[in-house]
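Student: Take this structure first; my questions come after.
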Amino acid sequence: MQHGTCATMMQWLLPKFALLTILAAADEHIVLPPIATNDTLPEKMLLFIPGGKVPNYHYSPTAQAIQNAAAQDLRLWVVVPTVFQNLCVISCSLSSLCAPLHNTVEEALAVAVQKGWKRGTDEEDVWLAGHSLGGVCANTLFQAYSSGTA
């Protein structure tokens, strides 16, 4: 292969590899440690299910704004899991068919534990929310896995 051809090939390939890197990063769970560092404040987790066809990284600014608003009262972790094809309803269409989304959420929470979240009692320490279709999936997930006491 000649030098000019090799350089041209690299110029063509480099943007493709950059795009693949961005897409791979977009498939990672978002885990935001608390902004507040005061150990006397209670520690909570906001688990946020993204809306339909909205990549989870779009929620980082909103999650950080929520953390900023809560920083004087608590140490708030935020997890926004990545969901299959950006459609949580595929993984949780009915409470009896919600195991795939539940597994995804547990994987995302495990990442938070690896980053230092001290998982306590989910019924007391985890808040579940979602945007649009993600809110529907959050409700279905809650129905499928809650103890009925919340």
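In the structure tokens, the first chain shown is A, the next is B, and so on; residue numbers restart at 1 for each chain, and ligands run from 1 in the order shown.
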Would you list the contacts of Leu32 in chain A as a list in words, taking every protein, DNA or RNA residue within 7 Å and counting only C-alpha atoms, but skipping same-chain residues closer than 2 positions in sequence?
Tutor: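 Listing them by chain and then by number gives Ile30, Pro34, Trp77, Val78 and Val79 of chain A.
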Student: Out of chain A, which residues get strand (DSSP E) from DSSP, as a list in words?
Tutor: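 Matching residues, listed in order: Ile30, Val31, Leu32, Glu43, Lys44, Met45, Leu46, Leu47, Phe48, Ile49, Arg75, Leu76, Trp77, Val78, Val79, Val80, Val126, Trp127, Leu128, Ala129 and Gly130 of chain A.
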Student: Using only C-alpha atoms, pick whichever of A:Val31, A:Val89, A:Ala69, A:Ala110 has the shortest atom-to-atom distance to Leu141 in chain A.
Tutor: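 Distance minimum relative to Leu141 in chain A lands on A:Val89.
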Student: What's the 9 Å shell around Pro81 in chain A, counting only C-alpha atoms, without same-chain residues fewer than 5 positions away, as a PDB file with C-alpha atoms, in the first residue's frame?
Tutor:
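And here's result17.pdb as it stands now:
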ATOM      1  CA  ASP A  27     -24.605   3.297  25.973  1.00  0.00           C
ATOM      2  CA  GLU A  28     -23.218   3.681  29.500  1.00  0.00           C
ATOM      3  CA  HIS A  29     -25.321   4.220  32.588  1.00  0.00           C
ATOM      4  CA  ILE A  30     -25.169   7.760  33.924  1.00  0.00           C
ATOM      5  CA  VAL A  31     -24.109   7.742  37.590  1.00  0.00           C
ATOM      6  CA  LEU A  47     -33.307   6.619  39.792  1.00  0.00           C
ATOM      7  CA  PHE A  48     -34.501   8.342  36.638  1.00  0.00           C
ATOM      8  CA  ILE A  49     -35.894   6.340  33.691  1.00  0.00           C
ATOM      9  CA  PRO A  50     -35.394   8.199  30.384  1.00  0.00           C
ATOM     10  CA  ASN A  56     -29.867   8.928  28.762  1.00  0.00           C
ATOM     11  CA  THR A 104     -30.851  -2.981  33.723  1.00  0.00           C
ATOM     12  CA  VAL A 105     -31.706  -0.817  36.733  1.00  0.00           C
ATOM     13  CA  GLU A 107     -26.811  -3.072  36.820  1.00  0.00           C
ATOM     14  CA  ALA A 108     -26.884   0.740  36.914  1.00  0.00           C
ATOM     15  CA  LEU A 109     -27.284   0.785  40.698  1.00  0.00           C
TER      16      LEU A 109
END
Student: With only C-alpha atoms as the basis for distance, which of A:Val136, A:Met45, A:Ala36, A:Val111 is at the shortest distance from Ser93 in chain A?
Tutor: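 Result for the nearest residue to Ser93 in chain A: A:Val136.
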